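**Q** Please find model.tsv (TSV, C-alpha atoms) on the next line:
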```tsv
chain	number	residue	atom	x	y	z
H	988	MET	CA	10.95	15.09	13.85
H	989	ARG	CA	8.78	12.02	14.35
H	990	LEU	CA	5.25	12.05	12.94
H	991	LYS	CA	2.57	9.53	13.81
H	992	THR	CA	-1.16	9.30	13.19
H	993	TYR	CA	-3.53	7.88	15.80
H	994	SER	CA	-7.15	6.82	15.42
H	995	ALA	CA	-9.70	6.46	18.21
H	996	PRO	CA	-13.45	6.71	18.80
H	997	SER	CA	-13.05	10.16	20.38
H	998	MET	CA	-10.59	13.05	20.51
H	999	ALA	CA	-9.95	12.44	24.21
H	1000	LYS	CA	-8.92	8.84	23.57
H	1001	ALA	CA	-6.73	9.85	20.64
H	1002	MET	CA	-5.01	12.48	22.80
H	1003	ALA	CA	-4.45	9.87	25.51
H	1004	GLN	CA	-2.68	7.65	22.96
H	1005	VAL	CA	-0.45	10.56	21.94
H	1006	ARG	CA	0.52	11.45	25.50
H	1007	GLU	CA	1.18	7.83	26.40
H	1008	GLU	CA	3.47	7.15	23.45
H	1009	LEU	CA	5.04	10.52	22.58
H	1010	GLY	CA	4.81	12.31	25.91
H	1011	GLU	CA	3.71	15.78	26.94
H	1012	ASP	CA	6.05	17.53	24.48
H	1013	ALA	CA	4.20	16.19	21.43
H	1014	ILE	CA	2.70	18.78	19.08
H	1015	ILE	CA	-0.69	18.18	17.43
H	1016	VAL	CA	-0.22	18.69	13.68
H	1017	SER	CA	-3.70	17.92	12.34
H	1018	THR	CA	-7.04	16.39	13.31
H	1019	ARG	CA	-10.01	15.11	11.34
H	1020	SER	CA	-13.17	13.11	11.91
H	1021	GLY	CA	-14.47	10.25	9.79
H	1022	PRO	CA	-17.97	9.97	8.29
H	1023	GLY	CA	-20.56	10.50	11.00
H	1024	GLY	CA	-17.87	11.49	13.51
H	1025	ARG	CA	-17.42	7.87	14.58
H	1026	THR	CA	-13.62	7.93	14.26
H	1027	VAL	CA	-11.07	10.65	14.97
H	1028	TRP	CA	-7.64	10.77	13.31
H	1029	LEU	CA	-4.97	12.83	14.99
H	1030	THR	CA	-1.45	13.42	13.68
H	1031	ALA	CA	1.16	14.37	16.27
H	1032	ALA	CA	4.85	15.24	16.05
H	1033	ILE	CA	7.79	15.32	18.40
H	1034	GLU	CA	11.36	16.45	17.89
H	1035	ASP	CA	13.93	13.67	17.81
H	1036	ALA	CA	17.60	13.89	18.51
H	1037	PRO	CA	19.40	15.00	15.34
H	1038	GLU	CA	19.92	12.12	12.95
H	1039	THR	CA	22.66	11.66	10.44
H	1040	ASP	CA	21.61	12.99	7.04
H	1041	ASP	CA	20.70	10.02	4.85
H	1042	GLY	CA	21.75	11.84	1.68
H	1043	GLY	CA	24.92	9.76	1.59
H	1044	LEU	CA	23.32	6.43	2.38
H	1045	PHE	CA	24.04	3.78	-0.19
H	1046	ASP	CA	26.08	6.10	-2.36
H	1047	GLY	CA	27.66	2.85	-3.48
H	1048	TRP	CA	24.40	1.93	-5.17
H	1049	ARG	CA	24.80	4.87	-7.53
H	1050	ASP	CA	28.47	4.85	-8.53
H	1051	ASP	CA	31.04	2.39	-9.81
H	1052	ASP	CA	32.93	1.95	-6.56
H	1053	GLU	CA	32.27	-1.09	-4.43
H	1054	ALA	CA	30.04	-0.26	-1.48
H	1055	PRO	CA	31.80	-0.60	1.88
H	1056	ALA	CA	30.78	-3.69	3.81
H	1057	PRO	CA	28.66	-2.95	6.88
H	1058	ALA	CA	29.91	-4.00	10.28
H	1059	SER	CA	26.85	-6.16	10.94
H	1060	ALA	CA	23.42	-7.14	9.71
H	1061	GLY	CA	21.96	-4.53	12.05
H	1062	GLY	CA	24.02	-1.75	10.50
H	1063	LEU	CA	23.06	-2.67	6.95
H	1064	ILE	CA	19.38	-3.06	7.83
H	1065	GLY	CA	19.26	0.23	9.73
H	1066	ASP	CA	20.80	2.07	6.78
H	1067	ALA	CA	18.41	0.36	4.35
H	1068	LEU	CA	15.33	1.30	6.35
H	1069	ALA	CA	16.50	4.92	6.60
H	1070	PHE	CA	17.34	5.05	2.88
H	1071	HIS	CA	13.84	3.88	1.97
H	1072	GLY	CA	12.21	6.43	4.24
H	1073	VAL	CA	10.68	3.96	6.67
H	1074	PRO	CA	9.16	6.07	9.48
H	1075	GLY	CA	11.17	6.41	12.68
H	1076	TRP	CA	8.49	4.79	14.86
H	1077	LEU	CA	8.53	1.72	12.60
H	1078	ARG	CA	12.32	1.58	12.51
H	1079	GLU	CA	12.29	1.58	16.31
H	1080	ARG	CA	9.93	-1.40	16.37
H	1081	ALA	CA	12.08	-3.25	13.87
H	1082	GLY	CA	15.21	-2.38	15.85
H	1083	ARG	CA	13.81	-4.03	18.97
H	1084	LEU	CA	13.18	-7.21	16.98
H	1085	LEU	CA	16.68	-7.11	15.50
H	1086	ALA	CA	18.51	-6.57	18.77
H	1087	ASP	CA	19.51	-10.22	19.31
H	1088	ARG	CA	20.05	-11.14	15.66
H	1089	ARG	CA	22.56	-8.62	14.36
H	1090	ASP	CA	25.17	-11.20	13.36
H	1091	GLU	CA	22.87	-13.27	11.16
H	1092	GLU	CA	22.34	-12.98	7.40
H	1093	PRO	CA	20.68	-9.55	6.81
H	1094	ALA	CA	17.87	-10.68	4.49
H	1095	VAL	CA	16.86	-13.44	6.92
H	1096	VAL	CA	16.92	-11.06	9.88
H	1097	LEU	CA	14.89	-8.37	8.13
H	1098	ALA	CA	12.41	-10.94	6.78
H	1099	GLY	CA	11.84	-12.16	10.32
H	1100	ALA	CA	11.06	-8.61	11.45
H	1101	PHE	CA	8.65	-8.07	8.55
H	1102	ASP	CA	6.94	-11.36	9.32
H	1103	ARG	CA	6.13	-10.07	12.81
H	1104	LEU	CA	5.41	-6.42	11.95
H	1105	LEU	CA	3.46	-6.69	8.68
H	1106	SER	CA	0.75	-8.83	7.08
H	1107	PHE	CA	0.92	-10.49	3.66
H	1108	ASP	CA	-2.24	-11.77	1.97
H	1109	PRO	CA	-1.86	-12.36	-1.80
H	1110	LEU	CA	-4.90	-12.32	-4.04
H	1111	ASP	CA	-6.34	-15.65	-5.10
H	1112	GLU	CA	-8.85	-15.14	-7.91
H	1113	LYS	CA	-9.96	-18.77	-7.82
H	1114	ARG	CA	-11.13	-18.47	-4.21
H	1115	GLN	CA	-12.29	-14.85	-4.20
H	1116	THR	CA	-16.06	-14.75	-3.64
H	1117	ALA	CA	-16.87	-11.08	-3.01
H	1118	PRO	CA	-16.49	-8.54	-5.83
H	1119	LEU	CA	-13.18	-6.69	-5.73
H	1120	MET	CA	-13.54	-2.90	-5.66
H	1121	LEU	CA	-10.38	-0.96	-6.46
H	1122	VAL	CA	-10.22	2.22	-4.38
H	1123	GLY	CA	-7.68	4.97	-3.82
H	1124	ALA	CA	-6.67	8.52	-4.57
H	1125	PRO	CA	-6.65	9.91	-8.14
H	1126	GLY	CA	-3.67	8.75	-10.16
H	1127	ALA	CA	-2.88	5.74	-7.98
H	1128	GLY	CA	-3.19	3.34	-10.93
H	1129	LYS	CA	-6.59	1.77	-10.26
H	1130	THR	CA	-7.61	1.28	-13.91
H	1131	ILE	CA	-4.31	-0.38	-14.82
H	1132	ALA	CA	-4.69	-2.50	-11.68
H	1133	CYS	CA	-8.18	-3.47	-12.81
H	1134	ALA	CA	-6.85	-4.61	-16.19
H	1135	LYS	CA	-4.05	-6.60	-14.55
H	1136	LEU	CA	-6.52	-8.38	-12.25
H	1137	LEU	CA	-8.86	-9.15	-15.15
H	1138	LEU	CA	-5.98	-10.79	-16.99
H	1139	ARG	CA	-4.93	-12.74	-13.89
H	1140	ALA	CA	-8.46	-14.07	-13.43
H	1141	LYS	CA	-8.67	-15.12	-17.08
H	1142	ARG	CA	-5.34	-16.92	-16.85
H	1143	ALA	CA	-6.60	-18.69	-13.72
H	1144	GLY	CA	-9.67	-19.88	-15.63
H	1145	ARG	CA	-12.09	-17.82	-13.55
H	1146	PRO	CA	-15.11	-16.19	-15.29
H	1147	VAL	CA	-14.64	-12.45	-14.79
H	1148	VAL	CA	-16.42	-9.21	-15.62
H	1149	ALA	CA	-15.26	-5.61	-15.40
H	1150	VAL	CA	-17.51	-2.95	-13.89
H	1151	GLY	CA	-16.70	0.67	-14.69
H	1152	ALA	CA	-17.94	2.81	-11.81
H	1153	ASP	CA	-15.74	5.85	-12.44
H	1154	ALA	CA	-18.07	8.54	-13.76
H	1155	ARG	CA	-15.81	11.43	-12.69
H	1156	ARG	CA	-12.65	11.15	-14.75
H	1157	ALA	CA	-13.03	12.02	-18.42
H	1158	GLY	CA	-12.24	9.00	-20.56
H	1159	ALA	CA	-12.11	6.58	-17.64
H	1160	LEU	CA	-14.70	4.19	-19.07
H	1161	GLU	CA	-13.13	4.42	-22.53
H	1162	GLN	CA	-9.72	3.50	-21.11
H	1163	LEU	CA	-11.14	0.48	-19.31
H	1164	GLN	CA	-13.10	-0.46	-22.43
H	1165	ALA	CA	-9.88	-0.52	-24.46
H	1166	PHE	CA	-8.40	-3.05	-22.04
H	1167	THR	CA	-11.50	-5.23	-21.82
H	1168	ARG	CA	-11.80	-5.35	-25.61
H	1169	ILE	CA	-8.25	-6.68	-25.90
H	1170	LEU	CA	-8.77	-9.12	-23.03
H	1171	ASP	CA	-12.18	-10.21	-24.37
H	1172	VAL	CA	-13.82	-9.50	-21.01
H	1173	PRO	CA	-17.38	-8.15	-20.58
H	1174	LEU	CA	-17.62	-4.54	-19.37
H	1175	ILE	CA	-20.64	-3.07	-17.60
H	1176	ALA	CA	-20.91	0.66	-16.87
H	1177	ALA	CA	-22.38	1.56	-13.49
H	1178	ASP	CA	-22.99	5.16	-12.43
H	1179	GLY	CA	-24.27	5.16	-8.86
H	1180	ARG	CA	-25.32	2.60	-6.27
H	1181	LYS	CA	-28.43	1.25	-7.99
H	1182	ALA	CA	-26.63	0.88	-11.31
H	1183	LEU	CA	-23.78	-0.88	-9.53
H	1184	GLN	CA	-26.14	-3.34	-7.87
H	1185	ALA	CA	-27.81	-4.03	-11.21
H	1186	ALA	CA	-24.42	-4.60	-12.86
H	1187	LEU	CA	-23.40	-7.08	-10.18
H	1188	ALA	CA	-26.70	-8.93	-10.54
H	1189	GLN	CA	-26.01	-9.16	-14.27
H	1190	ALA	CA	-22.53	-10.52	-13.54
H	1191	ALA	CA	-23.78	-13.31	-11.26
H	1192	GLY	CA	-21.49	-16.32	-11.41
H	1193	ALA	CA	-18.43	-14.31	-12.46
H	1194	LEU	CA	-15.85	-12.49	-10.38
H	1195	ALA	CA	-16.62	-8.77	-10.66
H	1196	ILE	CA	-13.70	-6.35	-10.57
H	1197	ILE	CA	-14.92	-2.79	-10.04
H	1198	ASP	CA	-12.95	0.28	-11.13
H	1199	THR	CA	-13.99	3.32	-9.08
H	1200	ALA	CA	-13.33	7.05	-9.24
H	1201	GLY	CA	-10.34	8.42	-7.36
H	1202	VAL	CA	-11.35	9.95	-4.06
H	1203	ASN	CA	-9.84	12.54	-1.76
H	1204	PRO	CA	-9.37	10.62	1.51
H	1205	PHE	CA	-9.30	13.92	3.41
H	1206	ARG	CA	-12.75	14.90	2.13
H	1207	ASP	CA	-15.56	13.45	4.20
H	1208	GLN	CA	-18.08	13.54	1.37
H	1209	ASP	CA	-15.83	11.53	-0.94
H	1210	MET	CA	-15.27	8.88	1.70
H	1211	ALA	CA	-18.95	8.72	2.63
H	1212	GLU	CA	-19.91	8.19	-1.03
H	1213	LEU	CA	-17.28	5.50	-1.41
H	1214	SER	CA	-18.47	3.80	1.77
H	1215	ALA	CA	-22.00	3.73	0.35
H	1216	LEU	CA	-20.74	2.14	-2.88
H	1217	ILE	CA	-18.85	-0.53	-0.96
H	1218	SER	CA	-21.93	-1.37	1.08
H	1219	ALA	CA	-24.21	-1.43	-1.98
H	1220	ALA	CA	-21.89	-3.80	-3.81
H	1221	ARG	CA	-21.01	-5.92	-0.76
H	1222	ALA	CA	-17.54	-5.77	-2.21
H	1223	GLU	CA	-14.07	-6.14	-0.77
H	1224	PRO	CA	-12.40	-2.73	-1.11
H	1225	LEU	CA	-8.83	-3.14	-2.33
H	1226	LEU	CA	-6.66	-0.05	-1.91
H	1227	VAL	CA	-4.25	0.84	-4.73
H	1228	THR	CA	-1.42	3.12	-3.64
H	1229	PRO	CA	1.87	4.05	-5.36
H	1230	VAL	CA	5.06	2.68	-3.85
H	1231	GLY	CA	6.86	6.01	-4.15
H	1232	ALA	CA	4.22	8.26	-2.57
H	1233	ASP	CA	4.89	10.40	0.51
H	1234	VAL	CA	5.39	8.11	3.49
H	1235	VAL	CA	3.39	10.08	6.07
H	1236	GLU	CA	0.51	10.80	3.69
H	1237	THR	CA	0.35	7.15	2.64
H	1238	ALA	CA	0.26	5.98	6.24
H	1239	GLU	CA	-2.60	8.36	7.04
H	1240	GLN	CA	-4.52	7.35	3.92
H	1241	ALA	CA	-4.09	3.67	4.74
H	1242	GLN	CA	-5.76	4.28	8.10
H	1243	MET	CA	-8.61	6.18	6.47
H	1244	PHE	CA	-9.33	3.46	3.93
H	1245	ALA	CA	-9.01	0.83	6.66
H	1246	ALA	CA	-11.83	2.63	8.49
H	1247	LEU	CA	-14.05	1.88	5.46
H	1248	GLY	CA	-13.38	-1.85	5.78
H	1249	THR	CA	-10.31	-2.13	3.57
H	1250	ARG	CA	-8.00	-4.89	4.78
H	1251	ARG	CA	-5.57	-5.34	1.85
H	1252	PHE	CA	-3.76	-3.13	-0.64
H	1253	LEU	CA	-1.89	-3.32	-3.93
H	1254	ALA	CA	1.36	-1.36	-4.16
H	1255	SER	CA	1.59	0.14	-7.65
H	1256	LYS	CA	4.38	1.66	-9.75
H	1257	LEU	CA	7.32	-0.14	-8.18
H	1258	ASP	CA	9.27	0.39	-11.39
H	1259	LEU	CA	9.00	4.17	-10.96
H	1260	SER	CA	10.38	4.21	-7.41
H	1261	ARG	CA	13.71	3.70	-5.67
H	1262	ARG	CA	12.43	4.08	-2.12
H	1263	PHE	CA	9.71	1.82	-0.75
H	1264	GLY	CA	9.00	3.25	2.70
H	1265	ALA	CA	5.43	4.24	1.75
H	1266	MET	CA	4.49	0.62	1.04
H	1267	ILE	CA	5.81	-0.49	4.42
H	1268	ALA	CA	4.17	2.43	6.22
H	1269	ALA	CA	0.77	1.61	4.66
H	1270	ALA	CA	1.05	-2.00	5.78
H	1271	ALA	CA	2.04	-1.10	9.33
H	1272	ALA	CA	-0.13	1.98	9.92
H	1273	GLY	CA	-3.37	0.75	8.34
H	1274	PRO	CA	-2.76	-1.90	9.27
H	1275	LEU	CA	-3.31	-3.41	5.83
H	1276	ALA	CA	-2.06	-6.68	4.36
H	1277	ILE	CA	0.10	-6.46	1.24
H	1278	ALA	CA	-1.85	-8.21	-1.52
H	1279	GLY	CA	0.66	-7.67	-4.31
H	1280	VAL	CA	3.05	-5.26	-5.96
H	1281	GLY	CA	3.06	-3.87	-9.49
H	1282	ILE	CA	6.50	-4.25	-11.03
H	1283	SER	CA	5.67	-2.48	-14.30
H	1284	GLY	CA	2.94	-0.54	-16.08
H	1285	ASP	CA	2.49	-3.34	-18.62
H	1286	VAL	CA	-0.92	-4.98	-18.22
H	1287	ALA	CA	0.62	-8.33	-19.15
H	1288	ASP	CA	2.96	-8.02	-16.16
H	1289	PRO	CA	0.63	-8.95	-13.26
H	1290	PHE	CA	0.82	-7.90	-9.66
H	1291	ALA	CA	3.40	-10.09	-7.96
H	1292	PRO	CA	2.78	-11.54	-4.52
H	1293	LEU	CA	5.16	-10.49	-1.77
H	1294	THR	CA	6.57	-12.52	1.10
H	1295	PRO	CA	8.56	-11.18	4.06
H	1296	HIS	CA	11.77	-12.47	2.48
H	1297	ALA	CA	10.98	-10.97	-0.94
H	1298	LEU	CA	10.29	-7.60	0.67
H	1299	ALA	CA	13.57	-7.80	2.59
H	1300	ARG	CA	15.44	-8.49	-0.65
H	1301	LEU	CA	13.76	-5.48	-2.25
H	1302	LEU	CA	15.01	-3.16	0.46
H	1303	LEU	CA	18.55	-4.46	0.88
H	1304	PRO	CA	21.32	-3.80	-1.64
H	1305	PRO	CA	22.43	-6.99	-3.40
H	1306	GLU	CA	25.52	-8.55	-1.87
H	1307	GLY	CA	28.63	-7.40	-3.66
H	1308	ALA	CA	26.68	-5.09	-5.98
H	1309	ALA	CA	27.20	-1.35	-5.91
H	1310	SER	CA	25.52	0.18	-8.93
H	1311	GLU	CA	21.83	0.27	-8.09
H	1312	THR	CA	18.98	-1.14	-6.05
H	1313	PRO	CA	18.07	-4.81	-6.50
H	1314	SER	CA	16.28	-5.84	-9.70
H	1315	ARG	CA	12.58	-5.64	-8.91
H	1316	LYS	CA	11.71	-8.89	-10.68
H	1317	GLU	CA	14.68	-10.78	-9.26
H	1318	ALA	CA	13.95	-9.65	-5.72
H	1319	ILE	CA	10.36	-10.88	-5.62
H	1320	ARG	CA	10.82	-14.23	-7.32
```
Show this structure as structure tokens.
**A**
Amino acid sequence: MRLKTYSAPSMAKAMAQVREELGEDAIIVSTRSGPGGRTVWLTAAIEDAPETDDGGLFDGWRDDDEAPAPASAGGLIGDALAFHGVPGWLRERAGRLLADRRDEEPAVVLAGAFDRLLSFDPLDEKRQTAPLMLVGAPGAGKTIACAKLLLRAKRAGRPVVAVGADARRAGALEQLQAFTRILDVPLIAADGRKALQAALAQAAGALAIIDTAGVNPFRDQDMAELSALISAARAEPLLVTPVGADVVETAEQAQMFAALGTRRFLASKLDLSRRFGAMIAAAAAGPLAIAGVGISGDVADPFAPLTPHALARLLLPPEGAASETPSRKEAIR
């Protein structure tokens, strides 16, 4: 079954998109409206022809036998995209781009497809002017991301201040305070819009990195409150989402945060995942640019920038290797 989420100013326009792309046999799975009813999200599904079970894909990555060589770059890439759970609609787009390049080196071919399908926009603390506001669902890793970005800014020689705007989670401010104490970075607590504006005025001249409470993207009130915080701070919202999350949910959430003005995201917890389809789905469905990827939970290990070629190397099994997926750090160097 293929699932895809559409967004439009009205239900009629969203339904028209579904019928045009999926046809009359599509089934409407869910619908929701954004704050103020200005945007409608509609998830539709349609049955596909039976696909080969991917349970055996890349078995060679998990045993001691040498993985069989694929017949072509296209075969290896198709298997890799399926293994990582890349949505069918996105695999189809990639397949059209790969059609005339199946005999070339796989990483180069896949990188070319990613260059056309996805956006990559690494963070640059030296040039960042607007405050960075870390947003996302509970447990996505926003506080760790905040600490990593504080350290990156310090290493870049940029004056930086942390703003703790998470008044929901017990111990959230204390956790951030523990990091800022070690990093020797000022921390300002801000509960609410007025407090946030006052904190940013106090931080004038420094890059402010704002840690916010986790929100339920399917709850209108949560998203409306977050939207008000973003507007009050005149901040750039930066989505933090785990690499190994559910692919369909991540794609839908990327669209919802994009509706609030989010244009980039950080992919967290790469070290805890073997399949990276959610990261690719967020980039394509949002659409959101990939700003960086977290390769470990260690604060001293910063978010690494991604390029199309680095992402291709992450997804493809290393040539001649059969035991496991590529080394995360090696793949993104």
**Q** Have a look at CA of Lys1113 (chain H) and CA of Arg1142 (chain H) and let me know their distance in Å, one decimal.
**A**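 Going from CA of Lys1113 (chain H) over to CA of Arg1142 (chain H) covers 10.3 Å.
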**Q** Using all atoms listed in the file, which of the listed residues (H:Pro1295, H:Pro1289, H:Gly1158, H:Gly1075) sits closest to Gly1264 (chain H)?
**A**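 Looking only at the distances to Gly1264 (chain H), the closest residue turns out to be H:Gly1075.
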**Q** Which of these residues is nearest to Thr1228 (chain H), using all atoms listed in the file: H:Ala1127, H:Leu1275, H:Ala999, H:Ala1265?
**A**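 Smallest separation from Thr1228 (chain H) among the options: H:Ala1127.
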**Q** Tell me which of H:Gly1065, H:Gly1126, H:Gly1010, H:Pro1118 sits closest to Val1202 (chain H), counting all atoms listed in the file.
**A** H:Gly1126
**Q** Could you state the separation of CA of Ala1271 (chain H) and CA of Phe1205 (chain H) in Å, given to one decimal place?
**A** 19.7 Å
**Q** Distance CA of Ala1086 (chain H)-CA of Leu1063 (chain H), one decimal place?
**A** 13.3 Å
**Q** List as a list in words the protein and nucleic acid residues near Gln1189 (chain H), meaning an atom at most 9 Å away when all atoms listed in the file are counted, but skip any in the same chain fewer than 4 places from it.
**A**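 Contacts, with the query itself left out: Ile1175, Gln1184 and Ala1185 of chain H.
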**Q** Which one is closest to Ala1134 (chain H): H:Leu1084, H:Ala1287, H:Leu1110, H:Met1002? Count only C-alpha atoms.
**A**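 So, comparing all the options, the nearest one is H:Ala1287.
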**Q** Assuming 5 Å of padding per side, give the centre and edge lengths of the axis-aligned box around every listed atom of region 1191-1207 of chain H, in Å to one decimal and as JSON.
**A**
```
{"center_x": -16.5, "center_y": -0.7, "center_z": -4.1, "size_x": 24.5, "size_y": 41.2, "size_z": 26.7}
```
**Q** Mind checking which residues fall within 8 Å of Leu1170 (chain H), counting only C-alpha atoms, ignoring those fewer than 2 positions away in the same chain, and posting them as an mmCIF file with C-alpha atoms, in the coordinates of the input?
**A**
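File produced: part03.cif:
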```
data_model
loop_
_atom_site.group_PDB
_atom_site.id
_atom_site.type_symbol
_atom_site.label_atom_id
_atom_site.label_comp_id
_atom_site.auth_asym_id
_atom_site.auth_seq_id
_atom_site.Cartn_x
_atom_site.Cartn_y
_atom_site.Cartn_z
ATOM 1 C CA LEU H 1137 -8.860 -9.150 -15.150
ATOM 2 C CA LEU H 1138 -5.980 -10.790 -16.990
ATOM 3 C CA PHE H 1166 -8.400 -3.050 -22.040
ATOM 4 C CA THR H 1167 -11.500 -5.230 -21.820
ATOM 5 C CA ARG H 1168 -11.800 -5.350 -25.610
ATOM 6 C CA VAL H 1172 -13.820 -9.500 -21.010
#
```
**Q** Using only C-alpha atoms, list the residues that have an atom at most 6 Å from (-8.8, -4.2, -3.2), coordinates as in the file, as a list in words.
**A**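 Applying the cut-off with only C-alpha atoms, one gets Leu1119, Met1120, Leu1121, Pro1224, Leu1225, Leu1226 and Phe1252 of chain H.
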**Q** Counting all atoms listed in the file, which residues have an atom no more than 8 Å from (7.5, 9.1, -2.4) in the file's coordinates? Please list them as a list in words.
**A** Val1230, Gly1231, Ala1232, Asp1233, Val1234, Ser1260, Arg1262, Phe1263, Gly1264 and Ala1265 of chain H
**Q** From the list H:Val1148, H:Ala1100, H:Ile1197, H:Ala1140, which residue is nearest Leu1216 (chain H) when using all atoms listed in the file?
**A** H:Ile1197
**Q** Restricting the calculation to all atoms listed in the file, which member of H:Thr1026, H:Thr1294, H:Ser1106, H:Thr1116 is positioned closest to Pro1274 (chain H)?
**A** H:Ser1106
